[in-house]
>>> print(open('my_file-v1.pdb').read())   # PDB, C-alpha atoms, pLDDT in the B column
MODEL        1
ATOM      1  CA  MET A 159      27.918  13.381 -14.256  1.00 87.00           C
ATOM      2  CA  SER A 160      25.262  14.183 -16.851  1.00 94.00           C
ATOM      3  CA  ASP A 161      22.068  16.060 -16.013  1.00 94.00           C
ATOM      4  CA  ARG A 162      20.102  12.823 -16.487  1.00 93.00           C
ATOM      5  CA  GLU A 163      22.395  10.933 -14.072  1.00 94.00           C
ATOM      6  CA  ALA A 164      22.094  13.727 -11.511  1.00 93.00           C
ATOM      7  CA  SER A 165      18.306  13.669 -11.895  1.00 92.00           C
ATOM      8  CA  MET A 166      18.270   9.879 -11.463  1.00 93.00           C
ATOM      9  CA  ASP A 167      20.244  10.267  -8.231  1.00 93.00           C
ATOM     10  CA  VAL A 168      17.723  12.809  -6.944  1.00 93.00           C
ATOM     11  CA  ILE A 169      14.787  10.580  -7.941  1.00 91.00           C
ATOM     12  CA  GLN A 170      16.319   7.579  -6.166  1.00 93.00           C
ATOM     13  CA  ARG A 171      17.031   9.602  -3.029  1.00 94.00           C
ATOM     14  CA  GLU A 172      13.566  11.199  -2.950  1.00 91.00           C
ATOM     15  CA  LEU A 173      11.671   7.946  -3.596  1.00 89.00           C
ATOM     16  CA  THR A 174      13.696   6.255  -0.848  1.00 92.00           C
ATOM     17  CA  SER A 175      12.767   9.094   1.489  1.00 92.00           C
ATOM     18  CA  PHE A 176       9.130   8.729   0.449  1.00 86.00           C
ATOM     19  CA  ALA A 177       9.188   4.970   1.193  1.00 85.00           C
ATOM     20  CA  ARG A 178      10.807   5.554   4.572  1.00 87.00           C
ATOM     21  CA  ARG A 179       8.137   8.106   5.456  1.00 84.00           C
ATOM     22  CA  ALA A 180       5.390   5.702   4.347  1.00 78.00           C
ATOM     23  CA  ARG A 181       6.761   2.954   6.623  1.00 78.00           C
ATOM     24  CA  GLN A 182       6.949   5.405   9.517  1.00 81.00           C
ATOM     25  CA  LYS A 183       3.372   6.599   8.976  1.00 76.00           C
ATOM     26  CA  ALA A 184       2.101   3.001   8.769  1.00 71.00           C
ATOM     27  CA  ALA A 185       3.829   2.223  12.079  1.00 74.00           C
ATOM     28  CA  GLN A 186       2.204   5.263  13.705  1.00 77.00           C
ATOM     29  CA  LEU A 187      -1.286   4.209  12.593  1.00 70.00           C
ATOM     30  CA  HIS A 188      -1.031   0.712  14.010  1.00 70.00           C
ATOM     31  CA  PRO A 189       2.293  -0.257  15.612  1.00 75.00           C
ATOM     32  CA  GLU A 190       1.758  -3.996  15.092  1.00 71.00           C
ATOM     33  CA  LEU A 191       1.012  -3.608  11.367  1.00 78.00           C
ATOM     34  CA  SER A 192       3.926  -3.522   8.938  1.00 81.00           C
ATOM     35  CA  LEU A 193       3.670  -1.539   5.720  1.00 81.00           C
ATOM     36  CA  VAL A 194       3.417  -4.878   3.881  1.00 87.00           C
ATOM     37  CA  ALA A 195       0.503  -6.015   6.051  1.00 89.00           C
ATOM     38  CA  HIS A 196      -1.190  -2.638   5.641  1.00 88.00           C
ATOM     39  CA  SER A 197      -0.719  -2.851   1.857  1.00 90.00           C
ATOM     40  CA  MET A 198      -2.197  -6.362   1.810  1.00 95.00           C
ATOM     41  CA  LEU A 199      -5.185  -5.195   3.833  1.00 95.00           C
ATOM     42  CA  ASP A 200      -5.717  -2.327   1.410  1.00 93.00           C
ATOM     43  CA  HIS A 201      -5.434  -4.699  -1.580  1.00 95.00           C
ATOM     44  CA  MET A 202      -8.035  -7.058  -0.067  1.00 96.00           C
ATOM     45  CA  HIS A 203     -10.397  -4.161   0.527  1.00 96.00           C
ATOM     46  CA  LYS A 204     -10.003  -2.667  -2.955  1.00 96.00           C
ATOM     47  CA  ASN A 205     -10.639  -6.058  -4.569  1.00 95.00           C
ATOM     48  CA  GLY A 206     -13.492  -7.048  -2.251  1.00 94.00           C
ATOM     49  CA  SER A 207     -11.702 -10.280  -1.379  1.00 94.00           C
ATOM     50  CA  CYS A 208      -8.804 -12.426  -2.512  1.00 95.00           C
ATOM     51  CA  HIS A 209      -6.858 -15.607  -1.915  1.00 96.00           C
ATOM     52  CA  ALA A 210      -3.435 -15.807  -0.284  1.00 95.00           C
ATOM     53  CA  ALA A 211      -1.969 -16.808  -3.656  1.00 94.00           C
ATOM     54  CA  ASP A 212      -3.367 -13.584  -5.149  1.00 94.00           C
ATOM     55  CA  LEU A 213      -1.494 -11.569  -2.524  1.00 96.00           C
ATOM     56  CA  ALA A 214       1.732 -13.503  -3.141  1.00 96.00           C
ATOM     57  CA  GLY A 215       1.475 -12.851  -6.868  1.00 94.00           C
ATOM     58  CA  HIS A 216       0.483  -9.202  -6.597  1.00 93.00           C
ATOM     59  CA  PHE A 217       3.208  -8.296  -4.095  1.00 93.00           C
ATOM     60  CA  MET A 218       5.771 -10.740  -5.519  1.00 93.00           C
ATOM     61  CA  LEU A 219       6.267 -12.404  -2.135  1.00 95.00           C
ATOM     62  CA  ASP A 220       6.770 -16.035  -1.208  1.00 95.00           C
ATOM     63  CA  LYS A 221       3.878 -17.942   0.317  1.00 93.00           C
ATOM     64  CA  SER A 222       5.468 -18.171   3.771  1.00 94.00           C
ATOM     65  CA  THR A 223       5.786 -14.380   4.012  1.00 94.00           C
ATOM     66  CA  VAL A 224       2.178 -13.928   2.927  1.00 95.00           C
ATOM     67  CA  SER A 225       1.074 -16.611   5.371  1.00 95.00           C
ATOM     68  CA  ARG A 226       2.750 -14.813   8.294  1.00 94.00           C
ATOM     69  CA  GLN A 227       1.203 -11.487   7.318  1.00 95.00           C
ATOM     70  CA  ILE A 228      -2.254 -13.051   6.966  1.00 96.00           C
ATOM     71  CA  ALA A 229      -1.924 -14.752  10.355  1.00 95.00           C
ATOM     72  CA  MET A 230      -0.964 -11.448  11.958  1.00 94.00           C
ATOM     73  CA  LEU A 231      -3.841  -9.584  10.256  1.00 96.00           C
ATOM     74  CA  GLU A 232      -6.262 -12.261  11.404  1.00 96.00           C
ATOM     75  CA  ALA A 233      -4.899 -12.217  14.985  1.00 94.00           C
ATOM     76  CA  GLU A 234      -5.378  -8.428  15.037  1.00 93.00           C
ATOM     77  CA  GLY A 235      -8.970  -8.846  13.834  1.00 96.00           C
ATOM     78  CA  MET A 236      -8.304  -6.973  10.578  1.00 96.00           C
ATOM     79  CA  ILE A 237      -9.450  -9.746   8.224  1.00 97.00           C
ATOM     80  CA  VAL A 238     -11.859 -12.646   8.124  1.00 97.00           C
ATOM     81  CA  ARG A 239     -11.546 -15.934   6.279  1.00 95.00           C
ATOM     82  CA  GLU A 240     -14.382 -17.629   4.459  1.00 95.00           C
ATOM     83  CA  PRO A 241     -14.450 -20.938   2.599  1.00 94.00           C
ATOM     84  CA  ASP A 242     -14.160 -20.562  -1.163  1.00 92.00           C
ATOM     85  CA  PRO A 243     -17.438 -21.921  -2.586  1.00 92.00           C
ATOM     86  CA  ASP A 244     -15.633 -22.920  -5.810  1.00 90.00           C
ATOM     87  CA  ASP A 245     -12.769 -24.770  -4.083  1.00 89.00           C
ATOM     88  CA  HIS A 246     -13.215 -25.876  -0.476  1.00 86.00           C
ATOM     89  CA  ARG A 247      -9.448 -26.343  -0.068  1.00 88.00           C
ATOM     90  CA  ARG A 248      -8.965 -22.571  -0.403  1.00 92.00           C
ATOM     91  CA  GLN A 249     -10.115 -19.650   1.690  1.00 94.00           C
ATOM     92  CA  ILE A 250     -11.293 -16.211   0.688  1.00 97.00           C
ATOM     93  CA  LEU A 251      -9.755 -13.337   2.647  1.00 97.00           C
ATOM     94  CA  LYS A 252     -11.816 -10.220   3.334  1.00 97.00           C
ATOM     95  CA  THR A 253     -11.283  -7.023   5.273  1.00 97.00           C
ATOM     96  CA  SER A 254     -13.176  -7.003   8.585  1.00 97.00           C
ATOM     97  CA  GLU A 255     -14.993  -3.975  10.007  1.00 97.00           C
ATOM     98  CA  LYS A 256     -11.979  -3.328  12.247  1.00 95.00           C
ATOM     99  CA  GLY A 257      -9.678  -3.499   9.228  1.00 95.00           C
ATOM    100  CA  LEU A 258     -11.929  -1.176   7.277  1.00 95.00           C
ATOM    101  CA  ASP A 259     -11.927   1.312  10.161  1.00 93.00           C
ATOM    102  CA  LEU A 260      -8.125   1.235  10.186  1.00 89.00           C
ATOM    103  CA  LEU A 261      -7.933   1.768   6.413  1.00 90.00           C
ATOM    104  CA  ASN A 262     -10.439   4.635   6.511  1.00 91.00           C
ATOM    105  CA  GLY A 263      -8.510   6.340   9.308  1.00 88.00           C
ATOM    106  CA  ALA A 264      -5.228   5.882   7.459  1.00 85.00           C
ATOM    107  CA  ASN A 265      -6.727   7.283   4.256  1.00 87.00           C
ATOM    108  CA  ARG A 266      -8.020  10.361   6.091  1.00 90.00           C
ATOM    109  CA  GLN A 267      -4.597  10.961   7.657  1.00 86.00           C
ATOM    110  CA  ARG A 268      -2.767  10.486   4.344  1.00 84.00           C
ATOM    111  CA  ARG A 269      -5.171  12.807   2.547  1.00 90.00           C
ATOM    112  CA  ALA A 270      -4.685  15.502   5.200  1.00 91.00           C
ATOM    113  CA  SER A 271      -0.911  15.093   4.947  1.00 87.00           C
ATOM    114  CA  PHE A 272      -1.016  15.419   1.151  1.00 88.00           C
ATOM    115  CA  GLU A 273      -3.292  18.447   1.395  1.00 94.00           C
ATOM    116  CA  ARG A 274      -0.767  20.142   3.722  1.00 94.00           C
ATOM    117  CA  ARG A 275       2.185  19.299   1.459  1.00 92.00           C
ATOM    118  CA  PHE A 276       0.405  20.538  -1.685  1.00 94.00           C
ATOM    119  CA  THR A 277      -1.079  23.724  -0.210  1.00 96.00           C
ATOM    120  CA  ASP A 278       1.203  25.943  -2.311  1.00 97.00           C
ATOM    121  CA  TRP A 279       0.949  23.856  -5.479  1.00 97.00           C
ATOM    122  CA  ASP A 280      -1.457  24.871  -8.212  1.00 96.00           C
ATOM    123  CA  ASP A 281      -3.948  22.347  -9.610  1.00 96.00           C
ATOM    124  CA  ALA A 282      -1.965  21.844 -12.833  1.00 96.00           C
ATOM    125  CA  ASP A 283       1.187  20.891 -10.893  1.00 96.00           C
ATOM    126  CA  VAL A 284      -0.738  18.424  -8.715  1.00 95.00           C
ATOM    127  CA  ALA A 285      -2.304  16.893 -11.844  1.00 96.00           C
ATOM    128  CA  GLN A 286       1.109  16.671 -13.519  1.00 96.00           C
ATOM    129  CA  LEU A 287       2.642  14.894 -10.507  1.00 94.00           C
ATOM    130  CA  ALA A 288      -0.298  12.472 -10.498  1.00 94.00           C
ATOM    131  CA  ALA A 289       0.283  11.751 -14.194  1.00 95.00           C
ATOM    132  CA  TYR A 290       4.018  11.222 -13.675  1.00 93.00           C
ATOM    133  CA  LEU A 291       3.447   8.869 -10.741  1.00 91.00           C
ATOM    134  CA  ARG A 292       0.843   6.879 -12.680  1.00 93.00           C
ATOM    135  CA  SER A 293       3.225   6.604 -15.613  1.00 93.00           C
ATOM    136  CA  TYR A 294       6.115   5.567 -13.357  1.00 90.00           C
ATOM    137  CA  ASN A 295       4.055   2.931 -11.557  1.00 86.00           C
ATOM    138  CA  THR A 296       2.674   1.409 -14.747  1.00 89.00           C
ATOM    139  CA  ALA A 297       6.000   1.312 -16.610  1.00 88.00           C
ATOM    140  CA  ASP A 298       7.531  -2.107 -17.201  1.00 77.00           C
ATOM    141  CA  ALA A 299      10.537  -2.308 -14.892  1.00 68.00           C
ATOM    142  CA  GLY A 300      11.874  -5.198 -16.951  1.00 61.00           C
TER     143      GLY A 300
ENDMDL
END
>>> encode(input="my_file-v1.pdb", output="structure tokens")
Amino acid sequence: MSDREASMDVIQRELTSFARRARQKAAQLHPELSLVAHSMLDHMHKNGSCHAADLAGHFMLDKSTVSRQIAMLEAEGMIVREPDPDDHRRQILKTSEKGLDLLNGANRQRRASFERRFTDWDDADVAQLAAYLRSYNTADAG
């Protein structure tokens, strides 16, 4: 096995571990909220509002999956629906105060966790990891 292949194996293993930890942390914050639902809530908040079709496109999910997640978020009081003034057949989805409280709490917990993990890292290493992650996440996966 080449060094590159060995590195790819490590990257795959570590990113899988990272994803597993993210799902576990999301479940701890709100047991009824899946990581997908939490991600959708965060996306709505960051964009101010959106339509269900926007969520389906952004997360590459089918409409029925998005519909179930939206229904669950609404039942939990995390989002509100408003009529779209430009198209009354559609609804605008927005984060509610309860949803915003959940997101703020989650962000504080994640930040504290990252701070603990990076305590022994110098600023240049943290900046380099941030640059690598940004590059990885913006690369065309083809």
>>> closest_residue(input="my_file-v1.pdb", among="A:Leu260, A:Leu173, A:Ala195, A:Ala270", to="Leu291 of chain A", atoms="all atoms listed in the file")
A:Leu173
>>> resolve_selection(input="my_file-v1.pdb", expression="the PyMOL selection byres ((chain A and resi 193) around 9)", output="list in words")
Ala180, Arg181, Gln182, Lys183, Ala184, Ala185, Leu191, Ser192, Val194, Ala195, His196, Ser197 and Met198 of chain A
>>> resolve_selection(input="my_file-v1.pdb", expression="the PyMOL selection byres ((chain A and resi 216-230) around 9)", output="VMD selection string")
chain A and resid 190 to 192 194 to 195 197 to 199 201 210 to 215 231 to 237 251
>>> closest_residue(input="my_file-v1.pdb", among="A:Cys208, A:Val284, A:Asp200, A:Ala289", to="Phe272 of chain A", atoms="only C-alpha atoms")
A:Val284
>>> atom_distance(input="my_file-v1.pdb", atom1="atom CA of Gly263 of chain A", atom2="atom CA of His188 of chain A")
10.5 Å
>>> atom_distance(input="my_file-v1.pdb", atom1="atom CA of Met202 of chain A", atom2="atom CA of Lys252 of chain A")
6.0 Å
>>> atom_distance(input="my_file-v1.pdb", atom1="atom CA of Ser254 of chain A", atom2="atom CA of Val238 of chain A")
5.8 Å
>>> closest_residue(input="my_file-v1.pdb", among="A:Val168, A:Phe276, A:Ala288, A:His209", to="Arg248 of chain A", atoms="all atoms listed in the file")
A:His209
>>> build_atoms(input="my_file-v1.pdb", residues="segment 259-270 of chain A", atoms="all heavy atoms", output="PDB file, in the coordinates of the input")
ATOM      1  N   ASP A 259     -12.086   0.107   9.334  1.00 93.00           N
ATOM      2  CA  ASP A 259     -11.927   1.312  10.161  1.00 93.00           C
ATOM      3  C   ASP A 259     -10.483   1.798  10.125  1.00 93.00           C
ATOM      4  O   ASP A 259     -10.228   2.998  10.010  1.00 93.00           O
ATOM      5  CB  ASP A 259     -12.346   1.042  11.607  1.00 93.00           C
ATOM      6  CG  ASP A 259     -13.844   0.891  11.773  1.00 93.00           C
ATOM      7  OD1 ASP A 259     -14.601   1.262  10.843  1.00 93.00           O
ATOM      8  OD2 ASP A 259     -14.263   0.386  12.839  1.00 93.00           O
ATOM      9  N   LEU A 260      -9.538   0.859  10.235  1.00 89.00           N
ATOM     10  CA  LEU A 260      -8.125   1.235  10.186  1.00 89.00           C
ATOM     11  C   LEU A 260      -7.771   1.859   8.834  1.00 89.00           C
ATOM     12  O   LEU A 260      -7.117   2.903   8.774  1.00 89.00           O
ATOM     13  CB  LEU A 260      -7.226   0.025  10.445  1.00 89.00           C
ATOM     14  CG  LEU A 260      -5.746   0.374  10.391  1.00 89.00           C
ATOM     15  CD1 LEU A 260      -5.118   0.220  11.764  1.00 89.00           C
ATOM     16  CD2 LEU A 260      -5.036  -0.489   9.391  1.00 89.00           C
ATOM     17  N   LEU A 261      -8.222   1.237   7.751  1.00 90.00           N
ATOM     18  CA  LEU A 261      -7.933   1.768   6.413  1.00 90.00           C
ATOM     19  C   LEU A 261      -8.544   3.149   6.212  1.00 90.00           C
ATOM     20  O   LEU A 261      -7.901   4.043   5.666  1.00 90.00           O
ATOM     21  CB  LEU A 261      -8.461   0.809   5.339  1.00 90.00           C
ATOM     22  CG  LEU A 261      -7.696  -0.492   5.171  1.00 90.00           C
ATOM     23  CD1 LEU A 261      -8.430  -1.401   4.195  1.00 90.00           C
ATOM     24  CD2 LEU A 261      -6.271  -0.239   4.708  1.00 90.00           C
ATOM     25  N   ASN A 262      -9.784   3.327   6.660  1.00 91.00           N
ATOM     26  CA  ASN A 262     -10.439   4.635   6.511  1.00 91.00           C
ATOM     27  C   ASN A 262      -9.694   5.717   7.295  1.00 91.00           C
ATOM     28  O   ASN A 262      -9.501   6.826   6.800  1.00 91.00           O
ATOM     29  CB  ASN A 262     -11.906   4.563   6.941  1.00 91.00           C
ATOM     30  CG  ASN A 262     -12.758   3.821   5.937  1.00 91.00           C
ATOM     31  OD1 ASN A 262     -12.423   3.733   4.759  1.00 91.00           O
ATOM     32  ND2 ASN A 262     -13.864   3.272   6.398  1.00 91.00           N
ATOM     33  N   GLY A 263      -9.278   5.385   8.516  1.00 88.00           N
ATOM     34  CA  GLY A 263      -8.510   6.340   9.308  1.00 88.00           C
ATOM     35  C   GLY A 263      -7.184   6.679   8.657  1.00 88.00           C
ATOM     36  O   GLY A 263      -6.770   7.842   8.608  1.00 88.00           O
ATOM     37  N   ALA A 264      -6.516   5.670   8.134  1.00 85.00           N
ATOM     38  CA  ALA A 264      -5.228   5.882   7.459  1.00 85.00           C
ATOM     39  C   ALA A 264      -5.415   6.747   6.220  1.00 85.00           C
ATOM     40  O   ALA A 264      -4.609   7.653   5.958  1.00 85.00           O
ATOM     41  CB  ALA A 264      -4.604   4.539   7.087  1.00 85.00           C
ATOM     42  N   ASN A 265      -6.470   6.484   5.459  1.00 87.00           N
ATOM     43  CA  ASN A 265      -6.727   7.283   4.256  1.00 87.00           C
ATOM     44  C   ASN A 265      -7.001   8.738   4.600  1.00 87.00           C
ATOM     45  O   ASN A 265      -6.520   9.648   3.907  1.00 87.00           O
ATOM     46  CB  ASN A 265      -7.877   6.685   3.447  1.00 87.00           C
ATOM     47  CG  ASN A 265      -7.473   5.420   2.732  1.00 87.00           C
ATOM     48  OD1 ASN A 265      -6.300   5.194   2.446  1.00 87.00           O
ATOM     49  ND2 ASN A 265      -8.437   4.566   2.460  1.00 87.00           N
ATOM     50  N   ARG A 266      -7.759   8.972   5.669  1.00 90.00           N
ATOM     51  CA  ARG A 266      -8.020  10.361   6.091  1.00 90.00           C
ATOM     52  C   ARG A 266      -6.720  11.057   6.486  1.00 90.00           C
ATOM     53  O   ARG A 266      -6.494  12.219   6.123  1.00 90.00           O
ATOM     54  CB  ARG A 266      -9.014  10.385   7.250  1.00 90.00           C
ATOM     55  CG  ARG A 266     -10.452  10.199   6.845  1.00 90.00           C
ATOM     56  CD  ARG A 266     -11.420  10.487   7.985  1.00 90.00           C
ATOM     57  NE  ARG A 266     -11.214   9.619   9.134  1.00 90.00           N
ATOM     58  CZ  ARG A 266     -11.738   8.410   9.277  1.00 90.00           C
ATOM     59  NH1 ARG A 266     -12.527   7.921   8.339  1.00 90.00           N
ATOM     60  NH2 ARG A 266     -11.501   7.694  10.357  1.00 90.00           N
ATOM     61  N   GLN A 267      -5.868  10.364   7.228  1.00 86.00           N
ATOM     62  CA  GLN A 267      -4.597  10.961   7.657  1.00 86.00           C
ATOM     63  C   GLN A 267      -3.673  11.229   6.470  1.00 86.00           C
ATOM     64  O   GLN A 267      -3.032  12.274   6.397  1.00 86.00           O
ATOM     65  CB  GLN A 267      -3.899  10.068   8.677  1.00 86.00           C
ATOM     66  CG  GLN A 267      -4.557  10.110  10.030  1.00 86.00           C
ATOM     67  CD  GLN A 267      -3.780   9.306  11.066  1.00 86.00           C
ATOM     68  OE1 GLN A 267      -2.725   8.763  10.795  1.00 86.00           O
ATOM     69  NE2 GLN A 267      -4.317   9.247  12.273  1.00 86.00           N
ATOM     70  N   ARG A 268      -3.615  10.277   5.532  1.00 84.00           N
ATOM     71  CA  ARG A 268      -2.767  10.486   4.344  1.00 84.00           C
ATOM     72  C   ARG A 268      -3.267  11.652   3.514  1.00 84.00           C
ATOM     73  O   ARG A 268      -2.479  12.477   3.045  1.00 84.00           O
ATOM     74  CB  ARG A 268      -2.715   9.213   3.493  1.00 84.00           C
ATOM     75  CG  ARG A 268      -1.636   8.255   3.903  1.00 84.00           C
ATOM     76  CD  ARG A 268      -1.377   7.199   2.843  1.00 84.00           C
ATOM     77  NE  ARG A 268      -2.547   6.469   2.436  1.00 84.00           N
ATOM     78  CZ  ARG A 268      -2.969   5.342   2.995  1.00 84.00           C
ATOM     79  NH1 ARG A 268      -2.309   4.807   3.981  1.00 84.00           N
ATOM     80  NH2 ARG A 268      -4.039   4.737   2.553  1.00 84.00           N
ATOM     81  N   ARG A 269      -4.592  11.719   3.343  1.00 90.00           N
ATOM     82  CA  ARG A 269      -5.171  12.807   2.547  1.00 90.00           C
ATOM     83  C   ARG A 269      -4.849  14.157   3.183  1.00 90.00           C
ATOM     84  O   ARG A 269      -4.453  15.094   2.506  1.00 90.00           O
ATOM     85  CB  ARG A 269      -6.687  12.609   2.438  1.00 90.00           C
ATOM     86  CG  ARG A 269      -7.428  13.756   1.749  1.00 90.00           C
ATOM     87  CD  ARG A 269      -6.987  13.958   0.335  1.00 90.00           C
ATOM     88  NE  ARG A 269      -7.427  12.841  -0.446  1.00 90.00           N
ATOM     89  CZ  ARG A 269      -7.998  12.922  -1.629  1.00 90.00           C
ATOM     90  NH1 ARG A 269      -8.180  14.097  -2.178  1.00 90.00           N
ATOM     91  NH2 ARG A 269      -8.353  11.861  -2.276  1.00 90.00           N
ATOM     92  N   ALA A 270      -4.988  14.252   4.496  1.00 91.00           N
ATOM     93  CA  ALA A 270      -4.685  15.502   5.200  1.00 91.00           C
ATOM     94  C   ALA A 270      -3.204  15.858   5.043  1.00 91.00           C
ATOM     95  O   ALA A 270      -2.862  17.031   4.832  1.00 91.00           O
ATOM     96  CB  ALA A 270      -5.057  15.390   6.677  1.00 91.00           C
TER      97      ALA A 270
END
